[in-house]
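Raw query_22.txt, compact mmCIF, C-alpha atoms:
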# COMPACT_ATOMS: atom_id res chain seq x y z
CA MET L 2 47.91 -188.41 108.66
CA SER L 3 48.10 -186.58 105.32
CA THR L 4 44.60 -185.10 105.77
CA GLU L 5 45.52 -183.86 109.26
CA ARG L 6 48.62 -182.05 107.94
CA VAL L 7 46.58 -180.27 105.28
CA SER L 8 44.03 -179.20 107.87
CA ASN L 9 46.74 -177.73 110.13
CA ARG L 10 48.33 -175.90 107.19
CA GLY L 11 44.95 -174.34 106.42
CA SER L 12 44.67 -172.85 109.90
CA TRP L 13 48.20 -171.46 109.82
CA TYR L 14 47.88 -169.66 106.50
CA LEU L 15 44.75 -167.92 107.71
CA LEU L 16 46.56 -166.73 110.81
CA THR L 17 49.52 -165.66 108.67
CA GLY L 18 47.18 -163.64 106.46
CA THR L 19 45.70 -161.92 109.50
CA LEU L 20 49.13 -161.06 110.89
CA ILE L 21 50.34 -159.71 107.54
CA GLY L 22 47.19 -157.59 107.32
CA LEU L 23 47.63 -156.39 110.90
CA ALA L 24 51.21 -155.37 110.17
CA LEU L 25 50.12 -153.50 107.05
CA GLY L 26 47.32 -151.80 108.97
CA LEU L 27 49.67 -150.61 111.71
CA LEU L 28 52.21 -149.51 109.11
CA VAL L 29 49.58 -147.31 107.51
CA ALA L 30 48.14 -146.06 110.82
CA TRP L 31 51.38 -145.34 112.66
CA ILE L 32 53.95 -144.63 109.96
CA LEU L 33 52.43 -143.75 106.58
CA PHE L 34 49.32 -141.86 107.63
CA PRO L 35 49.44 -141.31 111.39
CA VAL L 36 46.78 -139.24 113.10
CA GLU L 37 47.91 -135.65 112.64
CA TYR L 38 47.44 -133.10 115.35
CA VAL L 39 47.72 -129.80 113.59
CA ASP L 40 45.02 -128.14 115.66
CA THR L 41 46.34 -128.85 119.11
CA SER L 42 45.15 -127.50 122.44
CA PRO L 43 47.25 -125.73 125.08
CA ALA L 44 47.07 -128.88 127.23
CA SER L 45 49.32 -130.73 124.80
CA LEU L 46 52.04 -128.08 124.79
CA ARG L 47 55.56 -128.91 125.82
CA PRO L 48 56.11 -128.02 129.51
CA ASP L 49 58.24 -124.94 128.80
CA PHE L 50 55.64 -123.59 126.36
CA LYS L 51 52.95 -124.36 128.92
CA ASP L 52 54.88 -122.19 131.36
CA GLN L 53 54.96 -119.37 128.83
CA TYR L 54 51.26 -119.78 128.19
CA ARG L 55 50.61 -119.69 131.95
CA SER L 56 52.74 -116.56 132.32
CA MET L 57 50.77 -114.94 129.54
CA ILE L 58 47.50 -115.78 131.28
CA ALA L 59 48.81 -114.26 134.51
CA SER L 60 50.07 -111.13 132.76
CA ALA L 61 46.73 -110.69 131.02
CA PHE L 62 44.99 -111.11 134.38
CA LEU L 63 47.22 -108.47 135.90
CA ALA L 64 46.38 -106.16 133.01
CA THR L 65 42.62 -106.69 133.03
CA GLY L 66 41.78 -108.05 136.47
CA GLU L 67 39.33 -110.49 134.93
CA LEU L 68 39.57 -113.56 137.10
CA GLY L 69 36.86 -115.54 135.33
CA ARG L 70 38.62 -115.21 132.04
CA ALA L 71 41.92 -116.21 133.60
CA GLN L 72 40.27 -119.28 135.13
CA SER L 73 38.84 -120.30 131.78
CA ARG L 74 42.20 -119.95 130.16
CA LEU L 75 44.00 -121.84 132.92
CA SER L 76 41.59 -124.73 132.60
CA LEU L 77 42.81 -125.21 129.03
CA LEU L 78 46.21 -126.24 130.38
CA ASP L 79 44.70 -129.21 132.24
CA ASP L 80 46.80 -128.63 135.34
CA ALA L 81 45.81 -130.95 138.16
CA ASP L 82 46.01 -128.02 140.57
CA PRO L 83 46.20 -124.66 138.75
CA VAL L 84 46.95 -122.70 141.93
CA GLN L 85 49.85 -124.95 142.78
CA ALA L 86 51.14 -124.80 139.23
CA LEU L 87 51.07 -121.00 139.35
CA THR L 88 52.73 -120.88 142.76
CA LEU L 89 55.48 -123.30 141.79
CA GLN L 90 56.17 -121.45 138.56
CA SER L 91 56.26 -118.15 140.41
CA GLN L 92 58.69 -119.50 142.97
CA SER L 93 60.88 -121.08 140.36
CA ALA L 94 60.92 -117.80 138.41
CA LEU L 95 61.96 -115.96 141.56
CA SER L 96 64.71 -118.48 142.24
CA ALA L 97 66.01 -117.95 138.72
CA GLY L 98 66.09 -114.18 139.21
CA ASP L 99 62.76 -113.62 137.46
CA PRO L 100 64.27 -113.08 134.00
CA ASP L 101 60.97 -112.31 132.28
CA GLY L 102 59.34 -110.49 135.18
CA SER L 103 56.43 -112.90 135.37
CA ALA L 104 56.79 -113.99 139.00
CA TYR L 105 54.64 -111.22 140.41
CA ALA L 106 51.83 -111.77 137.92
CA LEU L 107 51.85 -115.53 138.53
CA ALA L 108 51.79 -115.02 142.28
CA ARG L 109 48.98 -112.47 142.05
CA LEU L 110 46.86 -114.81 139.97
CA ALA L 111 47.51 -117.71 142.35
CA ASP L 112 46.56 -115.47 145.23
CA ALA L 113 43.38 -114.30 143.52
CA LEU L 114 42.36 -117.87 142.75
CA LYS L 115 42.92 -118.90 146.34
CA LEU L 116 40.78 -116.04 147.56
CA SER L 117 38.03 -116.50 145.03
CA PRO L 118 34.91 -118.10 146.45
CA THR L 119 34.48 -121.77 145.75
CA GLY L 120 32.17 -122.55 142.95
CA VAL L 121 33.02 -119.47 140.98
CA SER L 122 31.46 -120.09 137.66
CA ILE L 123 33.97 -120.68 134.96
CA LEU L 124 32.71 -119.27 131.75
CA PRO L 125 32.20 -121.97 129.20
CA THR L 126 34.64 -121.43 126.43
CA SER L 127 32.73 -122.10 123.37
CA THR L 128 34.62 -122.56 120.21
CA PRO L 129 35.33 -124.34 117.95
CA ALA L 130 36.24 -126.09 115.17
CA SER L 131 35.95 -129.45 116.76
CA ALA L 132 32.65 -128.93 118.35
CA THR L 133 32.46 -132.29 119.98
CA GLN L 134 35.46 -131.70 122.16
CA PRO L 135 34.70 -130.14 125.51
CA LEU L 136 37.12 -127.37 126.36
CA LEU L 137 36.19 -127.26 129.99
CA SER L 138 35.10 -130.08 132.15
CA GLY L 139 31.38 -130.12 132.12
CA ALA L 140 31.06 -127.60 129.34
CA THR L 141 30.42 -129.34 126.10
CA VAL L 142 30.19 -127.12 123.12
CA THR L 143 27.08 -127.48 121.14
CA PRO L 144 27.84 -128.09 117.54
CA ALA L 145 25.19 -125.63 116.45
CA HIS L 146 27.05 -122.74 118.04
CA PRO L 147 29.33 -120.84 115.78
CA PRO L 148 32.93 -120.41 116.84
CA ALA L 149 33.31 -117.65 119.34
CA SER L 150 35.98 -116.06 121.40
CA MET L 151 37.24 -117.67 124.55
CA ILE L 152 35.24 -115.36 126.70
CA THR L 153 31.93 -115.47 124.94
CA PRO L 154 29.51 -117.30 127.18
CA VAL L 155 27.43 -119.97 125.57
CA SER L 156 24.37 -118.87 127.45
CA SER L 157 23.95 -115.24 126.58
CA PRO L 158 22.47 -114.04 129.89
CA THR L 159 25.62 -115.00 131.77
CA PRO L 160 27.33 -111.78 132.70
CA ARG L 161 31.00 -111.38 132.07
CA PRO L 162 33.14 -111.66 135.18
CA THR L 163 33.53 -108.46 137.04
CA ARG L 164 36.89 -106.84 137.38
CA THR L 165 38.71 -108.11 140.43
CA PRO L 166 39.92 -105.29 142.64
CA THR L 167 43.67 -105.17 142.70
CA PRO L 168 45.88 -103.02 144.88
CA THR L 169 46.75 -99.69 143.43
CA VAL L 170 49.88 -100.19 141.43
CA GLY L 171 52.69 -98.31 143.04
CA ALA L 172 50.78 -97.52 146.22
CA ALA L 173 53.38 -97.06 148.88
CA TYR L 174 53.63 -99.65 151.62
CA ILE L 175 53.79 -98.35 155.14
CA LEU L 176 54.99 -100.00 158.30
CA ILE L 177 51.98 -101.05 160.34
CA LYS L 178 53.67 -103.02 163.07
CA GLN L 179 57.20 -103.55 164.35
CA GLU L 180 57.98 -105.74 167.33
CA ASP L 181 60.95 -107.50 168.80
CA SER L 182 60.63 -111.21 169.36
CA CYS L 183 62.42 -113.27 171.97
CA GLU L 184 61.01 -116.65 171.04
CA THR L 185 63.55 -119.35 171.73
CA ASN L 186 62.12 -121.72 169.14
CA LEU L 187 63.13 -119.40 166.28
CA PRO L 188 66.60 -118.97 164.83
CA GLU L 189 68.59 -116.15 166.39
CA GLY L 190 68.36 -112.82 164.63
CA LEU L 191 65.42 -113.82 162.46
CA LEU L 192 63.86 -110.87 160.65
CA GLN L 193 60.28 -111.78 159.71
CA VAL L 194 58.49 -109.60 157.18
CA GLU L 195 54.83 -109.79 156.28
CA VAL L 196 53.48 -107.80 153.31
CA GLN L 197 49.77 -107.18 152.84
CA ASP L 198 47.67 -105.23 150.39
CA ALA L 199 45.12 -102.63 151.34
CA ALA L 200 42.53 -105.33 152.05
CA GLY L 201 44.88 -107.15 154.41
CA ARG L 202 45.56 -109.97 151.97
CA PRO L 203 49.10 -111.34 151.74
CA VAL L 204 51.09 -110.12 148.76
CA PRO L 205 53.32 -112.80 147.25
CA GLY L 206 56.30 -111.94 145.08
CA ALA L 207 56.94 -108.58 146.77
CA GLU L 208 60.61 -107.69 146.55
CA ILE L 209 62.23 -106.48 149.75
CA ILE L 210 65.53 -104.63 149.90
CA LEU L 211 67.58 -105.00 153.05
CA ALA L 212 70.70 -102.91 153.33
CA TRP L 213 73.45 -102.62 155.87
CA GLN L 214 76.87 -101.05 155.98
CA GLY L 215 78.81 -102.75 153.25
CA GLY L 216 76.05 -104.95 151.90
CA GLU L 217 72.59 -105.31 150.44
CA GLU L 218 70.22 -108.24 150.02
CA HIS L 219 67.07 -108.61 147.94
CA PHE L 220 64.52 -111.22 148.91
CA PHE L 221 60.88 -111.96 148.11
CA THR L 222 57.68 -112.82 149.87
CA GLY L 223 55.94 -116.08 149.05
CA LEU L 224 58.97 -118.34 148.92
CA LYS L 225 57.74 -120.11 152.05
CA PRO L 226 54.07 -120.60 151.24
CA GLU L 227 53.62 -122.77 154.31
CA LEU L 228 54.19 -119.62 156.39
CA GLY L 229 52.00 -117.41 154.21
CA ASP L 230 52.11 -115.97 150.74
CA GLY L 231 53.10 -112.55 152.03
CA TYR L 232 55.83 -113.86 154.31
CA ALA L 233 59.58 -113.52 153.92
CA ASP L 234 62.46 -113.77 156.36
CA PHE L 235 66.14 -113.07 156.69
CA THR L 236 68.68 -113.98 159.34
CA MET L 237 70.34 -110.85 160.70
CA THR L 238 73.91 -110.83 161.87
CA PRO L 239 74.16 -109.74 165.52
CA ASP L 240 75.33 -106.17 166.10
CA THR L 241 74.64 -105.16 162.51
CA VAL L 242 72.21 -102.34 161.80
CA TYR L 243 69.87 -102.78 158.86
CA THR L 244 67.59 -100.63 156.76
CA ILE L 245 64.62 -102.18 155.01
CA GLN L 246 62.25 -101.05 152.27
CA LEU L 247 60.02 -102.67 149.70
CA ALA L 248 61.40 -102.43 146.19
CA SER L 249 58.10 -101.03 144.93
CA GLY L 250 58.55 -98.07 147.23
CA GLY L 251 57.14 -96.97 150.53
CA GLN L 252 58.32 -96.38 154.02
CA LEU L 253 62.00 -96.86 154.76
CA VAL L 254 62.58 -98.54 158.11
CA SER L 255 66.02 -98.00 159.58
CA ASN L 256 67.97 -98.90 162.70
CA LEU L 257 66.89 -102.52 162.64
CA SER L 258 69.00 -104.96 164.58
CA ALA L 259 68.64 -108.22 166.43
CA PRO L 260 67.51 -107.43 169.99
CA SER L 261 69.23 -108.85 173.02
CA CYS L 262 67.15 -111.39 174.91
CA ARG L 263 67.71 -113.41 178.03
CA THR L 264 66.49 -116.89 178.87
CA SER L 265 64.92 -117.73 182.21
CA ALA L 266 68.23 -119.32 183.13
CA GLY L 267 69.94 -115.98 182.58
CA ASP L 268 71.66 -116.81 179.28
CA ASN L 269 71.85 -114.06 176.67
CA TYR L 270 70.89 -114.62 173.05
CA HIS L 271 69.73 -112.59 170.07
CA GLY L 272 66.04 -112.44 169.31
CA GLY L 273 64.28 -111.50 166.11
CA VAL L 274 62.18 -108.69 164.67
CA ARG L 275 58.73 -108.84 163.12
CA LEU L 276 57.59 -106.25 160.61
CA LEU L 277 54.24 -105.83 158.93
CA PHE L 278 53.99 -103.69 155.79
CA GLN L 279 50.64 -102.82 154.29
CA GLN L 280 49.31 -100.68 151.49
CA PRO L 281 47.18 -97.81 152.75
CA MET V 1 35.93 -170.15 98.93
CA SER V 2 39.36 -170.88 97.58
CA ARG V 3 42.36 -170.98 99.82
CA TRP V 4 43.88 -167.81 98.27
CA LEU V 5 40.61 -165.94 98.65
CA LYS V 6 40.50 -166.84 102.31
CA PHE V 7 44.12 -165.77 102.67
CA PHE V 8 43.50 -162.30 101.20
CA PHE V 9 40.29 -161.98 103.14
CA MET V 10 42.22 -162.52 106.37
CA ILE V 11 44.81 -159.94 105.26
CA ALA V 12 41.97 -157.46 104.83
CA VAL V 13 40.64 -158.35 108.28
CA GLY V 14 44.14 -157.82 109.71
CA ILE V 15 44.45 -154.43 107.99
CA ALA V 16 41.10 -153.39 109.40
CA ILE V 17 42.11 -154.44 112.90
CA GLY V 18 45.45 -152.66 112.52
CA LEU V 19 43.84 -149.43 111.35
CA ILE V 20 41.27 -149.47 114.11
CA TYR V 21 43.98 -150.07 116.69
CA GLY V 22 46.36 -147.47 115.21
CA TRP V 23 43.87 -144.71 114.50
CA VAL V 24 41.24 -145.21 117.18
CA ILE V 25 42.38 -147.35 120.09
CA SER V 26 45.99 -146.28 120.31
CA PRO V 27 46.71 -143.43 117.91
CA VAL V 28 50.03 -141.61 117.79
CA GLU V 29 49.95 -139.12 120.65
CA TYR V 30 51.52 -135.71 120.51
CA THR V 31 52.17 -134.54 124.04
CA ASN V 32 54.99 -132.07 123.55
CA THR V 33 53.60 -129.83 120.87
CA THR V 34 54.72 -126.32 120.05
CA PRO V 35 52.49 -123.24 120.10
CA ASP V 36 52.58 -122.89 116.32
CA THR V 37 50.38 -126.01 116.09
CA LEU V 38 47.65 -124.53 118.28
CA ARG V 39 44.18 -124.40 116.82
CA ALA V 40 43.12 -121.04 115.41
CA ASP V 41 40.84 -120.17 118.33
CA TYR V 42 43.55 -120.87 120.90
CA ARG V 43 46.05 -118.88 118.86
CA SER V 44 43.63 -116.00 118.67
CA ASP V 45 43.04 -116.10 122.39
CA TYR V 46 46.78 -116.07 123.01
CA VAL V 47 47.10 -113.02 120.75
CA LEU V 48 44.20 -111.45 122.66
CA MET V 49 46.15 -111.95 125.90
CA VAL V 50 49.12 -110.20 124.32
CA ALA V 51 46.79 -107.40 123.23
CA GLU V 52 45.41 -107.07 126.76
CA VAL V 53 48.90 -106.78 128.21
CA PHE V 54 49.95 -104.36 125.48
CA HIS V 55 46.92 -102.19 126.21
CA ALA V 56 48.11 -101.91 129.81
CA ASP V 57 51.86 -101.45 129.35
CA GLN V 58 52.15 -100.15 125.75
CA ASN V 59 55.35 -102.17 125.38
CA ILE V 60 55.29 -103.16 121.72
CA ASP V 61 58.71 -104.85 121.85
CA LEU V 62 57.47 -107.15 124.59
CA ALA V 63 54.26 -107.82 122.65
CA ALA V 64 56.23 -108.77 119.54
CA ARG V 65 58.43 -111.07 121.56
CA GLN V 66 55.40 -112.71 123.17
CA LEU V 67 53.86 -113.29 119.74
CA GLY V 68 57.11 -114.85 118.57
CA ILE V 69 56.32 -118.18 120.22
CA LEU V 70 53.40 -118.66 117.84
CA GLY V 71 55.68 -119.28 114.90
CA SER V 72 58.24 -117.83 112.60
CA GLU V 73 55.83 -115.51 110.79
CA PRO V 74 56.14 -111.78 111.44
CA PRO V 75 54.26 -110.65 114.58
CA THR V 76 52.16 -108.32 112.43
CA LYS V 77 50.90 -111.24 110.38
CA ILE V 78 50.20 -113.36 113.46
CA ALA V 79 48.20 -110.55 115.02
CA ALA V 80 46.37 -109.82 111.78
CA GLN V 81 45.38 -113.48 111.44
CA ALA V 82 44.06 -113.45 114.99
CA LEU V 83 42.07 -110.30 114.27
CA GLU V 84 40.64 -111.91 111.15
CA TYR V 85 39.58 -114.95 113.15
CA ALA V 86 38.14 -112.73 115.89
CA LEU V 87 36.02 -110.88 113.34
CA GLN V 88 34.72 -114.14 111.89
CA ALA V 89 34.04 -115.57 115.35
CA ASN V 90 32.21 -112.47 116.55
CA PHE V 91 34.49 -111.61 119.43
CA PRO V 92 33.10 -108.87 121.67
CA ALA V 93 33.74 -105.34 120.45
CA SER V 94 36.09 -104.60 123.34
CA ASP V 95 38.31 -107.54 122.38
CA LEU V 96 38.25 -106.57 118.71
CA SER V 97 39.34 -103.11 119.69
CA LEU V 98 42.28 -104.47 121.68
CA LEU V 99 43.35 -106.64 118.77
CA GLN V 100 43.00 -103.77 116.31
CA ASN V 101 45.18 -101.58 118.52
CA LEU V 102 47.81 -104.28 118.66
CA VAL V 103 47.77 -104.80 114.90
CA ALA V 104 48.01 -101.06 114.30
CA ALA V 105 50.92 -100.73 116.71
CA LEU V 106 52.75 -103.65 115.13
CA GLN V 107 52.33 -102.19 111.65
CA THR V 108 54.43 -99.20 112.62
CA TRP V 109 56.78 -101.15 114.82
CA GLN V 110 60.39 -101.51 113.82
CA PRO V 111 62.21 -104.47 115.32
CA ALA V 112 65.24 -103.53 117.34
CA PRO V 113 68.48 -104.47 115.60
CA GLY V 114 69.45 -108.01 116.50
CA GLY V 115 65.96 -109.29 117.17
CA THR V 116 62.77 -108.48 118.96
CA SER V 117 64.07 -108.84 122.45
CA PRO V 118 63.87 -105.66 124.43
Can the structure from this file be put into structure tokens for me?
Amino acid sequence: MSTERVSNRGSWYLLTGTLIGLALGLLVAWILFPVEYVDTSPASLRPDFKDQYRSMIASAFLATGELGRAQSRLSLLDDADPVQALTLQSQSALSAGDPDGSAYALARLADALKLSPTGVSILPTSTPASATQPLLSGATVTPAHPPASMITPVSSPTPRPTRTPTPTVGAAYILIKQEDSCETNLPEGLLQVEVQDAAGRPVPGAEIILAWQGGEEHFFTGLKPELGDGYADFTMTPDTVYTIQLASGGQLVSNLSAPSCRTSAGDNYHGGVRLLFQQP
Amino acid sequence: MSRWLKFFFMIAVGIAIGLIYGWVISPVEYTNTTPDTLRADYRSDYVLMVAEVFHADQNIDLAARQLGILGSEPPTKIAAQALEYALQANFPASDLSLLQNLVAALQTWQPAPGGTSP
């Protein structure tokens, strides 16, 4: 009996020692000397700073037109779907009145990424200080390489991405098509506007000014991405005459109003209008 | 081995397990960091983006404001540090030129009264 008690006590004090040691180890690891992240990556940024970083990437893309560089930079944010992240941020900026003017740049970059061919090579972003950490999926930095700028390819023969053609800034939009619509499945008086660049690609984030006697409304393309990035609409009041123009300039279209339509049963209703603006 | 020796040995084993768990298996994770903690190369690339935008719009107030998220240091110093890193890291000449232009513009820039916001 006495021998058994001593044996049990022996086992318990060993376990107690282990637990005390474990507690001390965790105290040191988590409280006293936790792992310090002083050299963080953009992926770990707080969401609002990530948004600012993304805006900066889009603005730089708008300034340089270098899509490959923008892609490399976006990949650092570890977004599950970079295009969606850009589109959502653009739309949310527009909803908030676009206080920092980044909506257009974000939308342009999202648009360019959508149009870029699949498999566009993302330049490996060599760097760094922690050479074992891959900055891009599939691109592991070789420790022997010295730190380099984000755009310096690891393999020297890789050419830098070519400048992506962008529509001429300020090029005036002209009205390409205007037609009345009497579709009964659409809301009455629906004004549908489509904005395209010179290459016929939809232009998201384009500001449209609609004016009528005693009022004015500003709205943007791209807020209904399911209908197209260059699409915007507005419900016109019957018997009101509108004038429309893109905020960036271009052709002024006047005398717009909801047309009168008639169903096969002879009932009258107001149809809609479709407009297509394009850069020359 | 005496009982006390075994006891302290097990404490050491526990400490080792605790450190491995706390530093390797489940270290403290920082998910909501601020831009001032970014590694030097990322900071430099951010400054390069600002320089690219500045080259296009020549809006030095906006550039200073954009640099402001990298910390409380003056924008001139932030840009100069990025240029220094870029020189060490052998950035392409075109990028160095953009950074130099930004640094030069910031050196003569006077913040608007009440802050850097335009």
(request) Quote the spacing between atom CA of Ala212 of chain L and atom CA of Ala233 of chain L in Å to one decimal place. (result) 15.4 Å
(message) Using only C-alpha atoms, which protein or nucleic acid residues come within 12 Å of segment 13-23 of chain V? Drop anything in the same chain fewer than 5 positions from it, and give the result as a list in words.
(response) Leu15, Leu16, Thr17, Gly18, Thr19, Leu20, Ile21, Gly22, Leu23, Ala24, Leu25, Gly26, Leu27, Leu28, Val29, Ala30, Trp31, Ile32, Leu33, Phe34, Pro35, Val36 and Glu37 of chain L; Lys6, Phe7, Phe8, Val28 and Glu29 of chain V
(request) Do a neighbour search on Ser97 of chain V at 12 Å with all atoms listed in the file, toss out local chain neighbours closer than 4 positions, and write the hits as number ranges by chain. (result) V: 48, 51-52, 55, 83, 86-87, 91-93, 101-104
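Candidate residues L:Tyr232, L:Phe278, L:Tyr243, L:Tyr174 were compared for distance to Gly190 of chain L, and the nearest is L:Tyr243, using only C-alpha atoms.
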Selection: 9 Å around Thr222 of chain L, all atoms listed in the file, excl. self and same-chain fewer than 3 positions, as a compact mmCIF listing (two decimals) with C-alpha atoms, in the frame of the given file:
# COMPACT_ATOMS: atom_id res chain seq x y z
CA VAL L 194 58.49 -109.60 157.18
CA GLU L 195 54.83 -109.79 156.28
CA VAL L 196 53.48 -107.80 153.31
CA PRO L 203 49.10 -111.34 151.74
CA VAL L 204 51.09 -110.12 148.76
CA PRO L 205 53.32 -112.80 147.25
CA GLY L 206 56.30 -111.94 145.08
CA ALA L 207 56.94 -108.58 146.77
CA GLU L 208 60.61 -107.69 146.55
CA ILE L 209 62.23 -106.48 149.75
CA LYS L 225 57.74 -120.11 152.05
CA PRO L 226 54.07 -120.60 151.24
CA GLY L 229 52.00 -117.41 154.21
CA ASP L 230 52.11 -115.97 150.74
CA GLY L 231 53.10 -112.55 152.03
CA TYR L 232 55.83 -113.86 154.31
CA ALA L 233 59.58 -113.52 153.92
CA ASP L 234 62.46 -113.77 156.36
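With distances taken over only C-alpha atoms, L:Arg74 is the one residue among L:Lys178, L:Arg263, L:Arg74, L:His271 lying closest to chain V.
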